[in-house]
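A short worksheet on the structure shown next.
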Amino acid sequence: MIARPSGSARILCLVLALLCISCEDQKSTTASSGLFPVDQDGKTGYVNASGTVVITPQFEDGGDFSGGIALVRMGGRWGYIDTDGKIVINPQFDKASAFAEDLAAVRVGNRYGYVDRDGKIVINPQFDLAFPFSEGLARVKTGGKWGYVDKDGKLAISLQFDDEGGFASGLAPVKTGGKFGFVDPDGKLAIPPQFDNATGFAEGMAAVKAGGMWGYIDQDAKILINPQYGDAGPFSESLAAVKVNGKYGYIDKDGKVMIDPQFQKALPFTEGLAAVRLGGKWGFIGADGKMVISPQFADAAGFSADVARVRAVDKFGLINKSGQFVWSHPIRVKEEEEQDDSW
């Protein structure tokens with residue numbers, strides 16, 4: 001959802017969904033602007049990939065840049081800034097998301113709608129929940145059912161699903177009648193509901209669950225890799241993390257094991273590296289399975305714009321591909337106490 005953790009807990013948690021390859025919630029961060037949110041003494045600012053502070057920590061919270069605009073909180077309200085730190089949309093929303101396809105989901109009172117890059121409300125707040133746009137459609141929820149709205153605010157696909165995912169490659173996973181299938185932008189069930197669970201398509205393949213195990217299908221619903229894994233992540237850079245006998249490894253698109261299952265957790269590959277957990281610590285491997293950055297971090301997220309967010313025992317910050325901190329901040333006892341118990 002677009003509700004966000006706050007303050008130091010957000011920074012310490014990085015992006016919680018990135019710390020596992022749960023089939024139901026796999027996400028990645030981007031920083032096309034080359035700026036990254038950092039927390040210092042309870043305030044959020046932004047640094048570049050060299051660790052230089054570009055926007056002085058001054059906000060109560062802040063998110064990644066998207067399209068040159070980042071979400072920030074001031075006075076308990078959410079607004080947006082540009083890469084110079086200038087407020088471009090005044091803090092006025094109770095909740096908000098990053099911009100995607102020039103629109104952002106915002107909450108006013110207890111209803112969600114959408115604003116454009118000028119801060120103008122273009123889709124009136126009317127939904128119980130709302131997600132960012134993807135391929136021209138955004139998933140929204142009202143009255144316990146999910147549907148999809150277009151950029152004119154029209155329900156392009158009626159509120160009818162029990163669960164859903166965003167569009168990717170022209171299809172979105174949806175749940176109806178207790179099973180998952182895939183819907184196209186016209187609202188037609190292109191792949192009839194038949195799976196126990198399903199994720200969105202990535203690199204032409206989607207992970208699906210059947211008979212308690214995960215496998216992969218193509219856009220014609222043809223099973224490409226038989227359900228045989230305890231968990232399965234999205235394909236990224238032609239590899240996908242899968243769980244075999246309690247351990248994670250990586251397979252290619254033919255289902256061939258390329259990196260033996262040996263890790264406690266594993267994230268998708270980004271920029272040639274993947275974060276993996278081994279012996280209770282996070283490190284990074286290359287596509288050949290060799291450890292590039294030794295396991296030493298309490299938590300880690302994937303690389304974006306040549307840096308990755310990590311948390312060590314006594315500090316959190318950004319590392320480069322050599323495993324060196326380019327920016328860091330000590331972890332205070334109070335911050336440790338504020339962490340989410342889900343670590």
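Labels used: A, B, ... for chains in the order of the structure tokens, numbers from 1 for residues in each chain, and numbers from 1 for ligands as shown.
The neighbours of Asp184 in chain A here are the residues that come within 9 Å of it, using only C-alpha atoms and leaving out any residue fewer than 2 positions away in the same chain; they are Phe167, Gly170, Leu171, Ala172, Phe182, Asp186, Gly187, Lys188, Leu189, Ala190 and Ile191 of chain A.
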Spatial neighbours of range 290-301 of chain A, 6 Å, only C-alpha atoms, chain gap at least 2 places, as a list in words: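 Neighbouring residues, sequence-local ones excluded: Leu18, Lys281, Trp282, Gly283, Phe284, Ile285, Gly286, Asp288, Ala308, Arg309, Val310, Arg311, Ala312 and Gly323 of chain A.
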Export N, CA and C atoms of the chosen residues as a short mmCIF file (atom, residue, chain, number, x, y, z; two decimals), in the first residue's frame?
```
data_model
loop_
_atom_site.label_atom_id
_atom_site.label_comp_id
_atom_site.auth_asym_id
_atom_site.auth_seq_id
_atom_site.Cartn_x
_atom_site.Cartn_y
_atom_site.Cartn_z
N LEU A 18 12.09 -5.48 0.17
CA LEU A 18 13.28 -5.87 -0.58
C LEU A 18 14.12 -6.89 0.16
N LYS A 281 24.00 -13.13 7.89
CA LYS A 281 24.46 -11.81 7.43
C LYS A 281 24.21 -11.67 5.93
N TRP A 282 24.05 -10.42 5.50
CA TRP A 282 23.83 -10.13 4.10
C TRP A 282 25.11 -9.71 3.40
N GLY A 283 25.30 -10.25 2.18
CA GLY A 283 26.39 -9.86 1.32
C GLY A 283 25.87 -9.81 -0.11
N PHE A 284 26.76 -9.76 -1.09
CA PHE A 284 26.36 -9.65 -2.49
C PHE A 284 27.16 -10.62 -3.35
N ILE A 285 26.48 -11.28 -4.28
CA ILE A 285 27.12 -12.20 -5.20
C ILE A 285 26.99 -11.69 -6.63
N GLY A 286 27.87 -12.21 -7.51
CA GLY A 286 27.78 -11.93 -8.92
C GLY A 286 26.97 -13.02 -9.61
N ASP A 288 27.88 -15.32 -11.41
CA ASP A 288 28.55 -16.62 -11.37
C ASP A 288 28.43 -17.29 -10.00
N ALA A 308 24.01 0.66 -2.79
CA ALA A 308 22.99 -0.17 -2.15
C ALA A 308 22.82 0.29 -0.70
N ARG A 309 21.62 0.20 -0.21
CA ARG A 309 21.33 0.55 1.18
C ARG A 309 21.58 -0.67 2.06
N VAL A 310 22.30 -0.46 3.14
CA VAL A 310 22.61 -1.55 4.05
C VAL A 310 22.54 -1.06 5.49
N ARG A 311 22.47 -2.04 6.40
CA ARG A 311 22.56 -1.73 7.83
C ARG A 311 23.60 -2.66 8.44
N ALA A 312 24.58 -2.09 9.08
CA ALA A 312 25.59 -2.86 9.80
C ALA A 312 25.20 -2.89 11.28
N GLY A 323 31.82 -2.60 -1.64
CA GLY A 323 31.41 -2.86 -0.27
C GLY A 323 31.80 -1.78 0.71
#
```
Within 12 Å of range 232-247 of chain A, which residues of range 166-200 of chain A show up? Give each one with its shortest atom-to-atom distance in Å (one decimal) and the two atoms involved, counting only C-alpha atoms, rows by chain then rising residue number, as JSON lines.
```
{"residue": "A:Ala168", "atom": "CA", "partner": "A:Pro234", "partner_atom": "CA", "distance": 11.9}
{"residue": "A:Asn197", "atom": "CA", "partner": "A:Ala232", "partner_atom": "CA", "distance": 11.2}
{"residue": "A:Ala198", "atom": "CA", "partner": "A:Ala232", "partner_atom": "CA", "distance": 10.1}
{"residue": "A:Thr199", "atom": "CA", "partner": "A:Pro234", "partner_atom": "CA", "distance": 7.9}
{"residue": "A:Gly200", "atom": "CA", "partner": "A:Pro234", "partner_atom": "CA", "distance": 8.1}
```
Given only C-alpha atoms as the counted atoms, nearest of A:Pro91, A:Gly113, A:Pro57, A:Gly63 to Lys154 in chain A: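 Under the stated criterion, the closest residue is A:Gly113.
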Range 94-102 of chain A environment, 7 Å, only C-alpha atoms, sequence neighbours closer than 3 positions dropped, as a short mmCIF file (atom, residue, chain, number, x, y, z; two decimals) with N, CA and C atoms, in the first residue's frame:
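Result saved to around-v6.cif:
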```cif
data_model
loop_
_atom_site.label_atom_id
_atom_site.label_comp_id
_atom_site.auth_asym_id
_atom_site.auth_seq_id
_atom_site.Cartn_x
_atom_site.Cartn_y
_atom_site.Cartn_z
N ILE A 2 0.31 2.41 -0.02
CA ILE A 2 1.16 3.57 -0.08
C ILE A 2 1.37 4.20 1.29
N ALA A 3 0.85 3.56 2.34
CA ALA A 3 1.21 4.00 3.67
C ALA A 3 2.69 3.71 3.87
N SER A 66 11.58 10.10 -8.25
CA SER A 66 10.98 9.46 -9.41
C SER A 66 10.58 10.55 -10.38
N ALA A 70 10.54 13.97 -5.49
CA ALA A 70 10.55 13.04 -4.36
C ALA A 70 9.50 13.43 -3.34
N LEU A 71 8.97 12.43 -2.72
CA LEU A 71 7.96 12.59 -1.67
C LEU A 71 8.65 12.94 -0.35
N ARG A 77 2.50 16.38 7.18
CA ARG A 77 1.83 16.25 5.87
C ARG A 77 2.85 15.93 4.79
N TRP A 78 2.35 15.31 3.71
CA TRP A 78 3.22 14.90 2.61
C TRP A 78 3.10 15.84 1.43
N ALA A 105 -0.60 8.78 -6.28
CA ALA A 105 -1.73 8.51 -5.42
C ALA A 105 -1.56 9.28 -4.11
N VAL A 106 -2.62 9.93 -3.66
CA VAL A 106 -2.58 10.69 -2.41
C VAL A 106 -3.84 10.42 -1.60
N ARG A 107 -3.72 10.58 -0.29
CA ARG A 107 -4.88 10.40 0.57
C ARG A 107 -5.27 11.74 1.17
N VAL A 108 -6.53 12.07 1.04
CA VAL A 108 -7.09 13.27 1.64
C VAL A 108 -8.19 12.80 2.58
N GLY A 109 -8.00 12.99 3.88
CA GLY A 109 -8.94 12.42 4.84
C GLY A 109 -8.77 10.92 4.84
N ASP A 116 -1.51 15.45 -10.32
CA ASP A 116 -0.50 15.54 -11.36
C ASP A 116 0.74 16.23 -10.80
N ARG A 117 1.73 16.47 -11.65
CA ARG A 117 3.00 17.00 -11.19
C ARG A 117 2.93 18.46 -10.77
N PRO A 132 0.18 3.22 -7.37
CA PRO A 132 0.67 4.00 -8.50
C PRO A 132 0.25 3.40 -9.85
N PHE A 133 0.28 4.23 -10.88
CA PHE A 133 -0.05 3.78 -12.23
C PHE A 133 1.05 2.90 -12.81
#
```
One-decimal distance in Å that lies between CA of Asp163 in chain A and CA of Tyr248 in chain A: 26.7 Å
Minimum-distance residue to Leu273 in chain A, chosen among A:Ala202, A:Val326, A:Met74, A:Ala287 (using only C-alpha atoms): A:Ala287
Write down as a PDB file with C-alpha atoms, in the first residue's frame the residues belonging to range 115-303 of chain A that are assigned strand (DSSP E or B) by DSSP computed on the backbone.
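Generated file (out_6.pdb):
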```
ATOM      1  CA  VAL A 115      -2.593  14.405  -8.396  1.00  0.00           C
ATOM      2  CA  ILE A 121      -6.104  16.760  -8.127  1.00  0.00           C
ATOM      3  CA  VAL A 122      -6.986  15.034 -11.391  1.00  0.00           C
ATOM      4  CA  ILE A 123      -8.850  12.056  -9.925  1.00  0.00           C
ATOM      5  CA  ASN A 124     -10.989  12.966  -6.942  1.00  0.00           C
ATOM      6  CA  PRO A 125     -10.292  11.131  -3.658  1.00  0.00           C
ATOM      7  CA  GLN A 126     -12.892   8.368  -3.601  1.00  0.00           C
ATOM      8  CA  PHE A 127     -11.083   5.064  -3.055  1.00  0.00           C
ATOM      9  CA  LEU A 129      -6.819   2.316  -1.239  1.00  0.00           C
ATOM     10  CA  ALA A 130      -4.864   3.226  -4.353  1.00  0.00           C
ATOM     11  CA  PHE A 131      -1.582   2.221  -5.988  1.00  0.00           C
ATOM     12  CA  PRO A 132       0.673   3.998  -8.501  1.00  0.00           C
ATOM     13  CA  PHE A 133      -0.051   3.780 -12.228  1.00  0.00           C
ATOM     14  CA  SER A 134       1.530   1.074 -14.334  1.00  0.00           C
ATOM     15  CA  LEU A 137      -3.826   1.783 -15.242  1.00  0.00           C
ATOM     16  CA  ALA A 138      -3.790   1.923 -11.453  1.00  0.00           C
ATOM     17  CA  ARG A 139      -5.240  -0.583  -9.035  1.00  0.00           C
ATOM     18  CA  VAL A 140      -7.783   0.782  -6.572  1.00  0.00           C
ATOM     19  CA  LYS A 141      -9.931  -0.707  -3.839  1.00  0.00           C
ATOM     20  CA  THR A 142     -13.386   0.239  -2.594  1.00  0.00           C
ATOM     21  CA  LYS A 145     -13.081  -5.211  -4.024  1.00  0.00           C
ATOM     22  CA  TRP A 146     -10.261  -4.272  -6.385  1.00  0.00           C
ATOM     23  CA  GLY A 147     -10.406  -2.799  -9.866  1.00  0.00           C
ATOM     24  CA  TYR A 148      -8.366  -0.559 -12.169  1.00  0.00           C
ATOM     25  CA  VAL A 149      -8.768   3.115 -12.963  1.00  0.00           C
ATOM     26  CA  LEU A 155     -12.977   2.627 -13.864  1.00  0.00           C
ATOM     27  CA  ALA A 156     -11.451   0.835 -16.814  1.00  0.00           C
ATOM     28  CA  ILE A 157     -11.867  -2.510 -15.051  1.00  0.00           C
ATOM     29  CA  SER A 158     -14.710  -2.693 -12.551  1.00  0.00           C
ATOM     30  CA  LEU A 159     -14.285  -3.374  -8.843  1.00  0.00           C
ATOM     31  CA  GLN A 160     -14.610  -7.144  -8.775  1.00  0.00           C
ATOM     32  CA  PHE A 161     -11.401  -8.823  -7.620  1.00  0.00           C
ATOM     33  CA  ASP A 163      -6.727  -9.472  -4.759  1.00  0.00           C
ATOM     34  CA  GLU A 164      -4.600  -8.021  -7.541  1.00  0.00           C
ATOM     35  CA  ALA A 168       3.361  -5.609 -16.518  1.00  0.00           C
ATOM     36  CA  LEU A 171      -1.250  -8.408 -17.971  1.00  0.00           C
ATOM     37  CA  ALA A 172      -2.003  -8.160 -14.248  1.00  0.00           C
ATOM     38  CA  PRO A 173      -2.515 -10.971 -11.721  1.00  0.00           C
ATOM     39  CA  VAL A 174      -5.966 -10.981 -10.117  1.00  0.00           C
ATOM     40  CA  LYS A 175      -7.813 -13.201  -7.671  1.00  0.00           C
ATOM     41  CA  THR A 176     -11.426 -14.175  -8.104  1.00  0.00           C
ATOM     42  CA  LYS A 179      -7.955 -18.553  -7.611  1.00  0.00           C
ATOM     43  CA  PHE A 180      -5.471 -16.314  -9.432  1.00  0.00           C
ATOM     44  CA  GLY A 181      -5.506 -15.589 -13.131  1.00  0.00           C
ATOM     45  CA  PHE A 182      -4.450 -12.667 -15.319  1.00  0.00           C
ATOM     46  CA  VAL A 183      -6.510  -9.811 -16.713  1.00  0.00           C
ATOM     47  CA  LEU A 189      -9.439 -12.647 -18.179  1.00  0.00           C
ATOM     48  CA  ALA A 190      -6.652 -13.488 -20.606  1.00  0.00           C
ATOM     49  CA  ILE A 191      -5.516 -16.329 -18.338  1.00  0.00           C
ATOM     50  CA  PRO A 192      -8.443 -17.897 -16.452  1.00  0.00           C
ATOM     51  CA  PRO A 193      -8.169 -18.132 -12.644  1.00  0.00           C
ATOM     52  CA  GLN A 194      -6.485 -21.456 -11.874  1.00  0.00           C
ATOM     53  CA  PHE A 195      -3.513 -20.780  -9.608  1.00  0.00           C
ATOM     54  CA  ASN A 197      -1.108 -17.498  -6.143  1.00  0.00           C
ATOM     55  CA  ALA A 198       0.633 -15.509  -8.846  1.00  0.00           C
ATOM     56  CA  ALA A 202       8.977 -10.024 -15.561  1.00  0.00           C
ATOM     57  CA  MET A 205       7.624 -15.018 -17.264  1.00  0.00           C
ATOM     58  CA  ALA A 206       5.433 -14.976 -14.159  1.00  0.00           C
ATOM     59  CA  ALA A 207       5.767 -17.053 -11.023  1.00  0.00           C
ATOM     60  CA  VAL A 208       2.621 -19.030 -10.169  1.00  0.00           C
ATOM     61  CA  LYS A 209       1.733 -21.335  -7.310  1.00  0.00           C
ATOM     62  CA  ALA A 210      -0.080 -24.630  -7.825  1.00  0.00           C
ATOM     63  CA  MET A 213       4.679 -25.173  -5.055  1.00  0.00           C
ATOM     64  CA  TRP A 214       5.888 -22.385  -7.331  1.00  0.00           C
ATOM     65  CA  GLY A 215       6.781 -22.528 -11.011  1.00  0.00           C
ATOM     66  CA  TYR A 216       6.704 -20.218 -14.040  1.00  0.00           C
ATOM     67  CA  ILE A 217       4.390 -19.610 -16.987  1.00  0.00           C
ATOM     68  CA  ILE A 223       3.989 -23.806 -17.991  1.00  0.00           C
ATOM     69  CA  LEU A 224       7.656 -23.194 -18.752  1.00  0.00           C
ATOM     70  CA  ILE A 225       9.082 -24.403 -15.441  1.00  0.00           C
ATOM     71  CA  ASN A 226       7.033 -26.909 -13.460  1.00  0.00           C
ATOM     72  CA  PRO A 227       5.868 -25.925  -9.954  1.00  0.00           C
ATOM     73  CA  GLN A 228       8.575 -27.380  -7.711  1.00  0.00           C
ATOM     74  CA  TYR A 229       9.860 -24.548  -5.529  1.00  0.00           C
ATOM     75  CA  ASP A 231       9.236 -19.845  -3.115  1.00  0.00           C
ATOM     76  CA  ALA A 232      10.033 -18.093  -6.383  1.00  0.00           C
ATOM     77  CA  SER A 236      15.817 -10.178 -13.366  1.00  0.00           C
ATOM     78  CA  LEU A 239      18.006 -15.193 -13.305  1.00  0.00           C
ATOM     79  CA  ALA A 240      15.396 -15.837 -10.623  1.00  0.00           C
ATOM     80  CA  ALA A 241      15.811 -16.705  -6.964  1.00  0.00           C
ATOM     81  CA  VAL A 242      14.002 -19.900  -5.921  1.00  0.00           C
ATOM     82  CA  LYS A 243      13.716 -21.871  -2.695  1.00  0.00           C
ATOM     83  CA  VAL A 244      14.676 -25.547  -2.636  1.00  0.00           C
ATOM     84  CA  LYS A 247      17.535 -22.690   0.863  1.00  0.00           C
ATOM     85  CA  TYR A 248      17.606 -20.120  -1.932  1.00  0.00           C
ATOM     86  CA  GLY A 249      19.552 -20.367  -5.154  1.00  0.00           C
ATOM     87  CA  TYR A 250      19.110 -19.073  -8.713  1.00  0.00           C
ATOM     88  CA  ILE A 251      17.806 -20.638 -11.923  1.00  0.00           C
ATOM     89  CA  VAL A 257      20.185 -24.294 -11.519  1.00  0.00           C
ATOM     90  CA  MET A 258      22.857 -21.673 -12.103  1.00  0.00           C
ATOM     91  CA  ILE A 259      23.686 -20.915  -8.463  1.00  0.00           C
ATOM     92  CA  ASP A 260      23.202 -23.750  -5.984  1.00  0.00           C
ATOM     93  CA  PRO A 261      20.605 -23.262  -3.235  1.00  0.00           C
ATOM     94  CA  GLN A 262      22.617 -22.262  -0.175  1.00  0.00           C
ATOM     95  CA  PHE A 263      21.277 -18.929   1.045  1.00  0.00           C
ATOM     96  CA  LYS A 265      17.335 -15.286   1.689  1.00  0.00           C
ATOM     97  CA  ALA A 266      17.992 -13.972  -1.796  1.00  0.00           C
ATOM     98  CA  THR A 270      20.271  -5.606 -10.106  1.00  0.00           C
ATOM     99  CA  LEU A 273      24.816  -8.141  -8.197  1.00  0.00           C
ATOM    100  CA  ALA A 274      22.285  -9.762  -5.869  1.00  0.00           C
ATOM    101  CA  ALA A 275      21.946  -9.398  -2.122  1.00  0.00           C
ATOM    102  CA  VAL A 276      21.955 -12.760  -0.319  1.00  0.00           C
ATOM    103  CA  ARG A 277      21.818 -13.806   3.295  1.00  0.00           C
ATOM    104  CA  LEU A 278      24.306 -16.409   4.466  1.00  0.00           C
ATOM    105  CA  LYS A 281      24.456 -11.813   7.430  1.00  0.00           C
ATOM    106  CA  TRP A 282      23.827 -10.126   4.097  1.00  0.00           C
ATOM    107  CA  GLY A 283      26.392  -9.858   1.317  1.00  0.00           C
ATOM    108  CA  PHE A 284      26.357  -9.654  -2.491  1.00  0.00           C
ATOM    109  CA  ILE A 285      27.120 -12.202  -5.202  1.00  0.00           C
ATOM    110  CA  GLY A 286      27.777 -11.931  -8.921  1.00  0.00           C
ATOM    111  CA  MET A 291      30.723 -13.664  -3.325  1.00  0.00           C
ATOM    112  CA  VAL A 292      31.677 -10.122  -4.354  1.00  0.00           C
ATOM    113  CA  ILE A 293      30.921  -8.394  -1.053  1.00  0.00           C
ATOM    114  CA  SER A 294      31.270 -10.725   1.920  1.00  0.00           C
ATOM    115  CA  PRO A 295      28.296 -11.295   4.238  1.00  0.00           C
ATOM    116  CA  GLN A 296      28.637  -8.646   6.936  1.00  0.00           C
ATOM    117  CA  PHE A 297      25.453  -6.601   7.033  1.00  0.00           C
ATOM    118  CA  ASP A 299      20.177  -6.027   6.296  1.00  0.00           C
ATOM    119  CA  ALA A 300      20.590  -5.002   2.680  1.00  0.00           C
TER     120      ALA A 300
END
```
Neighbours of range 82-87 of chain A within 8 Å (only C-alpha atoms; same-chain residues fewer than 4 positions away dropped), as a compact mmCIF listing (two decimals) with N, CA and C atoms, in the first residue's frame?
```txt
# COMPACT_ATOMS: atom_id res chain seq x y z
N SER A 33 17.45 9.93 -10.43
CA SER A 33 18.02 11.25 -10.22
C SER A 33 19.44 11.18 -9.70
N LEU A 35 20.06 10.63 -6.59
CA LEU A 35 19.98 11.08 -5.20
C LEU A 35 19.27 10.03 -4.36
N VAL A 54 23.54 16.59 -0.87
CA VAL A 54 23.05 17.52 -1.90
C VAL A 54 21.87 18.33 -1.37
N ILE A 55 21.02 17.68 -0.60
CA ILE A 55 19.88 18.35 0.03
C ILE A 55 20.00 18.13 1.53
N PHE A 65 13.54 9.58 -5.34
CA PHE A 65 13.13 10.42 -6.46
C PHE A 65 12.57 9.56 -7.59
N GLY A 68 12.36 13.05 -11.20
CA GLY A 68 12.84 14.34 -10.72
C GLY A 68 12.09 14.91 -9.54
N ILE A 69 11.17 14.13 -8.97
CA ILE A 69 10.36 14.59 -7.83
C ILE A 69 10.40 13.53 -6.74
N ALA A 70 10.54 13.97 -5.49
CA ALA A 70 10.55 13.04 -4.36
C ALA A 70 9.50 13.43 -3.34
```
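The interatomic distance for the pair CA of Phe303 in chain A and CA of Gly79 in chain A works out to 26.4 Å.
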Atomic separation - CA of Lys120 in chain A relative to CA of Gly144 in chain A, Å: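 Atom-to-atom, CA of Gly144 in chain A to CA of Lys120 in chain A, that is 27.6 Å.
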